[in-house]
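Engineer: First, the structure itself, so that you have it in front of you.
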Amino acid sequence: MNRRDLLLAVGAATMSWWPRQTPAPAVDDLLLHPDSPGMNRPAPERFRARLATSKGTIVIEVVRAWAPHGADRFFNLVAHGYYDEARFFRVIKDKWAQFGIHAEPRVSTLWRTATIPDDPAGQSNVRGTVAFAFAVPNGCTTQVFINLRDNSSTHDKEPFVPFGRVVEGMDVADALNAEYGESSGSGIRAGKQDPLFGGGTAYLTREFPRLDYIRKATIDS
């Protein structure tokens, strides 16, 4: 084998193991346009969102009359795949389970400031209800939490306004991995979520590999 052939052979062997950059998975185009009409459609008066998670299925029944702004936002996010592959990054055993940062930074960053108006207080944050998390008034965006206990004594006064409740799979919600607690992201108010928005699911998978997650979120027909 001459020198040229040897170099070509070495180059081919090198390329066979050299790590290639994996392209970002496709996302629904509307997720790149939070202000578009398609992402701000009114939700049905009642609907169910099915979360197929790494622990099992959780079904949330949403009642628009409880919190119209919250119901509309959740409906559109689920319908367009925003929560697919999202981690339950803040699970505090017997208190709450929080999720809602998109798997890809290019998407989550767009939605980080896409706020909706506050809904008036209504339903109490009893066990099984689901509400948006926020840091400031009129500051809800995409992060929601499931109440794993009756949190009404603390959460109603904020107010966190439930827009739905778990009607199937509360045992699944209770079983979500809580080993990381506040260390894997914490709440919006703690100011520790920049790595989640900057690194997305790749960051969480690397640093907190045993977090449970939503494989696929869909609207029940």
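Following the order of the structure tokens, chains are lettered A, B, ..., residues in each are numbered from 1, and ligands are numbered from 1.
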Could you give me, as a PyMOL selection string, the residues within 12 Å of Arg210 of chain A, counting only C-alpha atoms and dropping anything in the same chain fewer than 3 positions from it?

Structural biologist: chain A and resi 54-55+87-89+91+176-181+184+204-207+213

Engineer: Export, as a short mmCIF file (atom, residue, chain, number, x, y, z; two decimals), in the first residue's frame, the selected residues with C-alpha atoms.

Structural biologist:
```
data_model
loop_
_atom_site.label_atom_id
_atom_site.label_comp_id
_atom_site.auth_asym_id
_atom_site.auth_seq_id
_atom_site.Cartn_x
_atom_site.Cartn_y
_atom_site.Cartn_z
CA SER A 54 -41.57 7.23 32.34
CA LYS A 55 -43.51 5.97 35.37
CA ARG A 87 -38.47 16.41 32.83
CA PHE A 88 -40.24 16.53 36.18
CA PHE A 89 -37.35 18.64 37.43
CA VAL A 91 -40.43 16.88 42.70
CA LEU A 176 -42.23 10.34 40.41
CA ASN A 177 -38.56 10.39 41.41
CA ALA A 178 -38.05 12.91 44.19
CA GLU A 179 -34.42 12.13 45.05
CA TYR A 180 -33.07 15.41 43.63
CA GLY A 181 -35.59 17.71 45.30
CA SER A 184 -32.32 19.88 39.88
CA LEU A 204 -30.79 17.44 32.98
CA THR A 205 -30.07 13.98 31.59
CA ARG A 206 -26.37 14.43 32.21
CA GLU A 207 -26.58 15.96 35.68
CA TYR A 213 -40.15 12.65 32.34
#
```

Engineer: Nearest to Thr109 of chain A: which of A:Asp72, A:Asp220, A:Asp194, A:Asp35 is it, counting only C-alpha atoms?

Structural biologist: A:Asp194

Engineer: Measuring atom to atom with only C-alpha atoms, identify which of A:Gly100, A:Pro195, A:Val107, A:Gly164 is nearest to Asp29 of chain A.

Structural biologist: A:Val107

Engineer: Pick from A:Gly139, A:Gly185, A:Pro162, A:Pro105: nearest to Val126 of chain A, with only C-alpha atoms counted?

Structural biologist: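 Nearest candidate to Val126 of chain A out of A:Gly139, A:Gly185, A:Pro162, A:Pro105: A:Pro162.
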
Engineer: If DSSP is run on the backbone, what residues of segment 14-210 of chain A are strand (DSSP E or B)? A reply as a PyMOL selection string would be ideal.

Structural biologist: chain A and resi 46-53+57-63+87+90-92+96-99+116+129-132+140+144-147+162-168

Engineer: Generate a file of the selected residues that holds N, CA and C atoms, formatted as a compact mmCIF listing (two decimals), in the first residue's frame.

Structural biologist:
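Saved to result28.txt:
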```txt
# COMPACT_ATOMS: atom_id res chain seq x y z
N ARG A 46 -64.15 21.73 28.50
CA ARG A 46 -63.54 20.64 29.27
C ARG A 46 -62.74 19.77 28.31
N PHE A 47 -61.58 19.35 28.75
CA PHE A 47 -60.81 18.40 27.96
C PHE A 47 -59.87 17.64 28.89
N ARG A 48 -59.31 16.57 28.35
CA ARG A 48 -58.36 15.79 29.13
C ARG A 48 -57.02 15.75 28.41
N ALA A 49 -55.96 15.96 29.18
CA ALA A 49 -54.60 15.85 28.67
C ALA A 49 -53.99 14.57 29.22
N ARG A 50 -53.45 13.76 28.34
CA ARG A 50 -52.86 12.48 28.73
C ARG A 50 -51.34 12.60 28.69
N LEU A 51 -50.69 12.41 29.83
CA LEU A 51 -49.24 12.45 29.93
C LEU A 51 -48.71 11.03 30.04
N ALA A 52 -48.08 10.56 28.99
CA ALA A 52 -47.44 9.25 29.03
C ALA A 52 -46.03 9.46 29.58
N THR A 53 -45.82 9.10 30.84
CA THR A 53 -44.56 9.39 31.50
C THR A 53 -43.70 8.13 31.64
N THR A 57 -49.02 6.49 33.13
CA THR A 57 -49.87 7.52 32.53
C THR A 57 -50.58 8.36 33.59
N ILE A 58 -50.55 9.67 33.37
CA ILE A 58 -51.29 10.62 34.20
C ILE A 58 -52.28 11.34 33.29
N VAL A 59 -53.55 11.37 33.69
CA VAL A 59 -54.58 12.06 32.91
C VAL A 59 -55.08 13.25 33.72
N ILE A 60 -55.01 14.42 33.11
CA ILE A 60 -55.46 15.66 33.75
C ILE A 60 -56.72 16.15 33.06
N GLU A 61 -57.79 16.31 33.84
CA GLU A 61 -59.01 16.90 33.32
C GLU A 61 -58.95 18.41 33.56
N VAL A 62 -59.09 19.17 32.48
CA VAL A 62 -59.02 20.63 32.56
C VAL A 62 -60.42 21.20 32.44
N VAL A 63 -60.74 22.13 33.32
CA VAL A 63 -62.03 22.81 33.31
C VAL A 63 -61.77 24.29 33.04
N ARG A 87 -38.77 17.06 31.55
CA ARG A 87 -38.47 16.41 32.83
C ARG A 87 -39.34 16.96 33.96
N ARG A 90 -38.64 19.26 39.38
CA ARG A 90 -38.78 19.69 40.78
C ARG A 90 -39.89 18.87 41.44
N VAL A 91 -39.48 17.76 42.02
CA VAL A 91 -40.43 16.88 42.70
C VAL A 91 -40.08 16.85 44.18
N ILE A 92 -40.99 17.36 44.98
CA ILE A 92 -40.83 17.34 46.43
C ILE A 92 -41.84 16.34 46.97
N TRP A 96 -45.38 18.47 45.86
CA TRP A 96 -45.73 18.83 44.49
C TRP A 96 -44.73 18.24 43.50
N ALA A 97 -45.14 18.20 42.24
CA ALA A 97 -44.29 17.73 41.15
C ALA A 97 -44.41 18.76 40.02
N GLN A 98 -43.29 19.39 39.68
CA GLN A 98 -43.29 20.50 38.72
C GLN A 98 -42.58 20.10 37.43
N PHE A 99 -43.12 20.59 36.30
CA PHE A 99 -42.52 20.36 34.99
C PHE A 99 -42.89 21.54 34.10
N ILE A 116 -48.96 35.05 30.46
CA ILE A 116 -50.41 35.18 30.31
C ILE A 116 -50.94 35.94 31.51
N THR A 129 -54.89 18.64 42.22
CA THR A 129 -55.13 19.77 41.32
C THR A 129 -53.81 20.18 40.65
N VAL A 130 -53.97 20.86 39.52
CA VAL A 130 -52.82 21.26 38.70
C VAL A 130 -52.91 22.76 38.44
N ALA A 131 -51.81 23.48 38.62
CA ALA A 131 -51.80 24.93 38.45
C ALA A 131 -50.48 25.37 37.83
N PHE A 132 -50.48 26.59 37.30
CA PHE A 132 -49.25 27.17 36.78
C PHE A 132 -48.41 27.75 37.91
N CYS A 140 -47.28 33.87 34.61
CA CYS A 140 -47.32 32.45 34.24
C CYS A 140 -46.90 32.27 32.79
N VAL A 144 -45.89 24.14 35.16
CA VAL A 144 -47.06 23.77 35.95
C VAL A 144 -46.64 22.76 37.02
N PHE A 145 -47.49 22.56 38.00
CA PHE A 145 -47.20 21.59 39.04
C PHE A 145 -48.47 20.85 39.44
N ILE A 146 -48.25 19.64 39.88
CA ILE A 146 -49.32 18.80 40.42
C ILE A 146 -49.22 18.86 41.94
N ASN A 147 -50.29 19.19 42.60
CA ASN A 147 -50.31 19.16 44.06
C ASN A 147 -50.38 17.71 44.54
N PRO A 162 -55.65 26.66 40.25
CA PRO A 162 -55.79 25.39 39.54
C PRO A 162 -56.66 25.53 38.29
N PHE A 163 -56.22 24.91 37.21
CA PHE A 163 -57.00 24.86 35.97
C PHE A 163 -57.49 23.45 35.67
N GLY A 164 -57.05 22.49 36.47
CA GLY A 164 -57.45 21.11 36.23
C GLY A 164 -57.09 20.23 37.42
N ARG A 165 -57.34 18.94 37.25
CA ARG A 165 -57.06 17.99 38.32
C ARG A 165 -56.72 16.64 37.70
N VAL A 166 -55.93 15.88 38.40
CA VAL A 166 -55.58 14.53 37.96
C VAL A 166 -56.77 13.61 38.20
N VAL A 167 -57.24 12.95 37.14
CA VAL A 167 -58.38 12.04 37.28
C VAL A 167 -57.96 10.58 37.07
N GLU A 168 -56.77 10.37 36.55
CA GLU A 168 -56.19 9.03 36.45
C GLU A 168 -54.69 9.14 36.67
```

Engineer: May I ask which of the residues A:Arg127, A:Arg64, A:His102, A:Arg189 is the closest one to Val78 of chain A, counting only C-alpha atoms?

Structural biologist: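 Using only C-alpha atoms, the shortest distance to Val78 of chain A belongs to A:His102.
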
Engineer: Give the answer as one residue: which of A:Gly38, A:Gly187, A:Gly169, A:Gly81 has the shortest atom-to-atom distance to Arg215 of chain A, using only C-alpha atoms?

Structural biologist: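 Among the listed residues, A:Gly81 lies closest to Arg215 of chain A.
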
Engineer: Please compute the atom CA of Arg106 of chain A-atom CA of Asn138 of chain A distance, one decimal, in Å.

Structural biologist: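 Going from atom CA of Arg106 of chain A over to atom CA of Asn138 of chain A, I get 23.2 Å.
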
Engineer: Quick one: residues within 9 Å of His80 of chain A, only C-alpha atoms counted, chain neighbours fewer than 3 positions away excluded, as a ChimeraX atom specification?

Structural biologist: /A:27-31,39,75-77,83,218

Engineer: Dump N, CA and C atoms for the selected residues as a PDB file, in the first residue's frame?

Structural biologist:
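Output contents, as saved in again.pdb:
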```
ATOM      1  N   VAL A  27     -39.385  20.225  15.729  1.00  0.00           N
ATOM      2  CA  VAL A  27     -40.450  20.653  16.633  1.00  0.00           C
ATOM      3  C   VAL A  27     -41.552  21.297  15.797  1.00  0.00           C
ATOM      4  N   ASP A  28     -42.736  21.307  16.352  1.00  0.00           N
ATOM      5  CA  ASP A  28     -43.862  21.964  15.696  1.00  0.00           C
ATOM      6  C   ASP A  28     -43.489  23.428  15.460  1.00  0.00           C
ATOM      7  N   ASP A  29     -43.657  23.891  14.238  1.00  0.00           N
ATOM      8  CA  ASP A  29     -43.247  25.252  13.892  1.00  0.00           C
ATOM      9  C   ASP A  29     -43.931  26.303  14.759  1.00  0.00           C
ATOM     10  N   LEU A  30     -45.159  26.032  15.181  1.00  0.00           N
ATOM     11  CA  LEU A  30     -45.866  27.019  15.990  1.00  0.00           C
ATOM     12  C   LEU A  30     -45.200  27.248  17.349  1.00  0.00           C
ATOM     13  N   LEU A  31     -44.448  26.261  17.835  1.00  0.00           N
ATOM     14  CA  LEU A  31     -43.756  26.444  19.108  1.00  0.00           C
ATOM     15  C   LEU A  31     -42.670  27.508  19.012  1.00  0.00           C
ATOM     16  N   MET A  39     -51.163  29.424  18.509  1.00  0.00           N
ATOM     17  CA  MET A  39     -50.760  29.050  19.863  1.00  0.00           C
ATOM     18  C   MET A  39     -51.600  29.732  20.926  1.00  0.00           C
ATOM     19  N   PHE A  75     -53.720  23.907  27.015  1.00  0.00           N
ATOM     20  CA  PHE A  75     -54.274  23.208  25.851  1.00  0.00           C
ATOM     21  C   PHE A  75     -53.367  23.368  24.632  1.00  0.00           C
ATOM     22  N   ASN A  76     -52.962  24.585  24.345  1.00  0.00           N
ATOM     23  CA  ASN A  76     -52.141  24.823  23.163  1.00  0.00           C
ATOM     24  C   ASN A  76     -50.742  24.228  23.295  1.00  0.00           C
ATOM     25  N   LEU A  77     -50.165  24.290  24.469  1.00  0.00           N
ATOM     26  CA  LEU A  77     -48.849  23.700  24.667  1.00  0.00           C
ATOM     27  C   LEU A  77     -48.887  22.182  24.487  1.00  0.00           C
ATOM     28  N   TYR A  83     -44.625  19.773  25.837  1.00  0.00           N
ATOM     29  CA  TYR A  83     -44.202  19.025  27.018  1.00  0.00           C
ATOM     30  C   TYR A  83     -43.554  17.681  26.703  1.00  0.00           C
ATOM     31  N   THR A 218     -50.606  14.422  25.100  1.00  0.00           N
ATOM     32  CA  THR A 218     -51.604  14.542  24.039  1.00  0.00           C
ATOM     33  C   THR A 218     -52.945  14.978  24.616  1.00  0.00           C
TER      34      THR A 218
END
```

Engineer: So which residues touch Asn151 of chain A within 6 Å, counting only C-alpha atoms, skipping near sequence neighbours fewer than 3 positions away, as a list in words?

Structural biologist: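 Contacts, in chain order: Asn125, Val126, Thr154 and His155 of chain A.
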
Engineer: Could you check the closest approach to Ala133 of chain A for each of A:Lys95, A:Val161, A:Pro44, A:Ala67 and tell me which residue wins, using only C-alpha atoms?

Structural biologist: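 Distance minimum relative to Ala133 of chain A lands on A:Val161.
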